[in-house]
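Q: Below is a structure I'd like to ask you about.
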Amino acid sequence: MTRKTWFSWVAAGMLGLASGLSGAAPSVTSASAASPSAPTADTVQGKVTGITRTLPGSDLAADAFLGIPYAEPPVGDLRWKPAAPAKNWTGVRNAEWHAAPCLQPEGGSEDCLYADIYRPAGTKPGAKLPVAVYLHGGANITGSASAQDPSRLAAESGVLVAAVQYRLGALGFLSLPEFGDASGNSAMTDIEEALRWVKKTIAGYGGDPDRVTLMGESSGGTDVCRMLVDPKAKGLFHQAVIQSDTCAFDSERPAKAKRRSEFFIKRAGCDFESGVGNCLRKVPAEKIAEASASSGLWAPVSDVPGIEQIKKGDWNRVPLLSGSNKNEARDAASVFTGWSEDAYKVWVKRLVGDNWYKAQVEYPGDKYEKDEAYGVPYIMGDFMTDSGMRGLGGCGSLTLARAAAASDVTSWFYAFEDENAPTLLRPRYPGYKTGASHGSELSYLFPDTGRFLALAAKMTPDQKQLAETIRTYWGNFIRTGDPNGKGVPAWGPYKEDGAVMVLAPEKTGTRPAAYFADEHKCAFWASIPPVTGRGSSF
């Protein structure tokens, strides 16, 4: 497979054109499949050959080993069982192709517990490069390892990145007592097993198992939160990055999970009279996917949100880099286009009850009156972002940074504020300004895949410089636990009164945390009970 062919295939993956949703691409176990110039690795699982790619617009190159199994396929009798270690292989494994994404509404496969490994081209055995394990987003119901290409981060920063897939939807989070310890958290056992696999095998790819950073964005950040409070994960990673998650809504309470699971079981055609687990394991994958999608959003199951454990100091204390985007909910709020100010007032009252008048003083419906078509969704986006009601950012991000710092670990806090971040065309809402919405920083970190590639192509020179700065910070943190280094503005850690790194063209730099608190009206939100509703059905 040529570099050009591989790049085209990966670029199409995020757009759903060639991502292998209907099944895994073949993974050949044959010494004859390897090109003489292909990168190789000799690991405890077996020998493997991958591909090398020159990064567009640079003289850098990265090796990639795609579709490496870290756990046994959770199919048949292993459906909903805790993840089990993957078997070794003989011969040379061809790792030129991504595995299929995990089963989700658009397709995918149950045989999906694979990782993609990226490293600087030419990395030698024994290099002991720092390692990042990346968990993709997608609300724990969609997404894949192939949606992000960390080649540039790896090559620029001299680190190794392993992008990991894990079970999604009902297959990852169905709560049923007969599933034992994995009930509600099958996907969490996948991530635990992936971290154990890294510890066991990553040295064969040139990584250091004693310098592992666990990273995640959105629901990937949610799952990092669960690993931070998971005793089984203690010692398997040494620092963490959480993008756009606050650890406040990182789990679903058991009672709610039970109701969702009962709904799913009925939709899947099983009952509770006897052997529901056995019945579910016989249901075709397509019907599982359909029933899962109709059951709403899925999440890890726990009695206690991660933020509460972190506040108490009851967590795997590791250096933490965390933060969020200025307009997290702006994009999502576009669905409220056409709402009147009166409808907005009713919405606010439903969410904050007796505090509705104070909320409307802080978030007046006419704040964006010059944006006649979108003024109401813009203010609703501000309300959803600042309140932290969806666990994506706003004041919840500040709470997480404070809680981590209070545990006597080094905490680094950021705010991505490029309100002109590139966006794809929105034909339904012409002229809608998404600002620094949820996920908009990803094209700065991973500019070489699918829709991120299309977005990166729209960047101005200043935005491209910001992207390099962000990758430098993240790379420095992966290497040393400190984002600071040559060529980037000084980033002060969050301690005492706090500091926040503002990431935006021409104004990147450390500011007092009070700047962030004022920007998101955190004093107001601290004065009323937390908002627990999502504000809509999505």
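By order of appearance in the structure tokens: chains A, B, ..., then residues from 1 within every chain, and ligands from 1 in the order shown.
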Report as number ranges by chain: the residues of region 110-312 of chain A with a DSSP assignment of alpha helix (DSSP H), based on the backbone of this structure.

A: A: 151-157, 169-173, 186-201, 219-228, 254-267, 276-282, 285-293, 306-311

Q: Got a sec: who's within 9 Å of Cys395 (chain A), counting only C-alpha atoms, leaving out chain neighbours fewer than 2 positions off, as a ChimeraX atom specification?

A: /A:246,385-388,393,397-400,516-517,520-522,525-526

Q: Closest to Val301 (chain A) among A:Glu217, A:Gly207, A:Gly172, A:Ala415, using only C-alpha atoms?

A: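 Closest residue, counting only C-alpha atoms: A:Gly172.
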
Q: Dump as CSV the rows for residues of region 298-360 of chain A within 12 Å of region 252-258 of chain A: closest atom pair and distance in Å with one decimal, only C-alpha atoms counted, ordered by chain and rising residue number.

A:
```
residue,atom,partner,partner_atom,distance
A:Trp298,CA,A:Glu252,CA,8.0
A:Ala299,CA,A:Glu252,CA,5.8
A:Pro300,CA,A:Glu252,CA,6.1
A:Val301,CA,A:Glu252,CA,4.8
A:Ser302,CA,A:Arg253,CA,5.5
A:Asp303,CA,A:Arg253,CA,5.3
A:Val304,CA,A:Arg253,CA,7.6
A:Pro305,CA,A:Glu252,CA,8.2
A:Gly306,CA,A:Glu252,CA,10.9
```

Q: Give the strand (DSSP E) residues of region 389-537 of chain A, as assigned by DSSP on the backbone, as a list in words.

A: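 Restricting region 389-537 of chain A to strand (DSSP E) produces Ser411, Trp412, Phe413, Tyr414, Ala415, Phe416, Ala499, Val500, Met501, Val502, Leu503, Gly509, Thr510, Arg511 and Pro512 of chain A.
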
Q: What are the closest atom pairs, with distances in Å to one decimal, for each residue of region 73-192 of chain A lying within 7 Å of region 281-291 of chain A, using only C-alpha atoms, rows by chain and rising residue number, as CSV?

A:
```
residue,atom,partner,partner_atom,distance
A:Gly76,CA,A:Arg281,CA,6.2
A:Asp77,CA,A:Arg281,CA,6.7
A:Arg79,CA,A:Arg281,CA,6.3
A:Leu103,CA,A:Ala289,CA,6.6
A:Gln104,CA,A:Ala289,CA,5.8
A:Pro105,CA,A:Ala289,CA,5.7
```

Q: Applying 9 Å and only C-alpha atoms, which residues near Ala403 (chain A) remain after dropping the ones on its own chain fewer than 3 positions away? List them as a VMD selection string.

A: chain A and resid 307 to 308 310 to 313 398 to 400 406 to 407

Q: Kindly assemble as a Markdown table a list of the region 348-400 of chain A residues that lie within 12 Å of region 136-145 of chain A, each paired with its nearest atom pair and their distance in Å to one decimal, using only C-alpha atoms, sorted first by chain and then by ascending residue number.

A:
```
| residue | atom | partner | partner_atom | distance |
| --- | --- | --- | --- | --- |
| A:Arg390 | CA | A:Ala139 | CA | 11.2 |
| A:Gly391 | CA | A:Ala139 | CA | 11.5 |
| A:Leu392 | CA | A:Ala139 | CA | 10.9 |
```

Q: What does the file look like for those residues with N, CA, C and O atoms, as an mmCIF file, in the first residue's frame?

A:
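Result file result-v8.cif:
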```cif
data_model
loop_
_atom_site.group_PDB
_atom_site.id
_atom_site.type_symbol
_atom_site.label_atom_id
_atom_site.label_comp_id
_atom_site.auth_asym_id
_atom_site.auth_seq_id
_atom_site.Cartn_x
_atom_site.Cartn_y
_atom_site.Cartn_z
ATOM 1 N N ARG A 390 -23.845 20.444 30.861
ATOM 2 C CA ARG A 390 -23.609 19.239 30.063
ATOM 3 C C ARG A 390 -22.244 18.629 30.323
ATOM 4 O O ARG A 390 -21.839 17.680 29.647
ATOM 5 N N GLY A 391 -21.540 19.181 31.296
ATOM 6 C CA GLY A 391 -20.265 18.601 31.682
ATOM 7 C C GLY A 391 -19.161 18.793 30.667
ATOM 8 O O GLY A 391 -18.152 18.086 30.693
ATOM 9 N N LEU A 392 -19.309 19.782 29.771
ATOM 10 C CA LEU A 392 -18.332 19.969 28.705
ATOM 11 C C LEU A 392 -17.314 21.048 29.033
ATOM 12 O O LEU A 392 -16.173 20.985 28.582
#
```
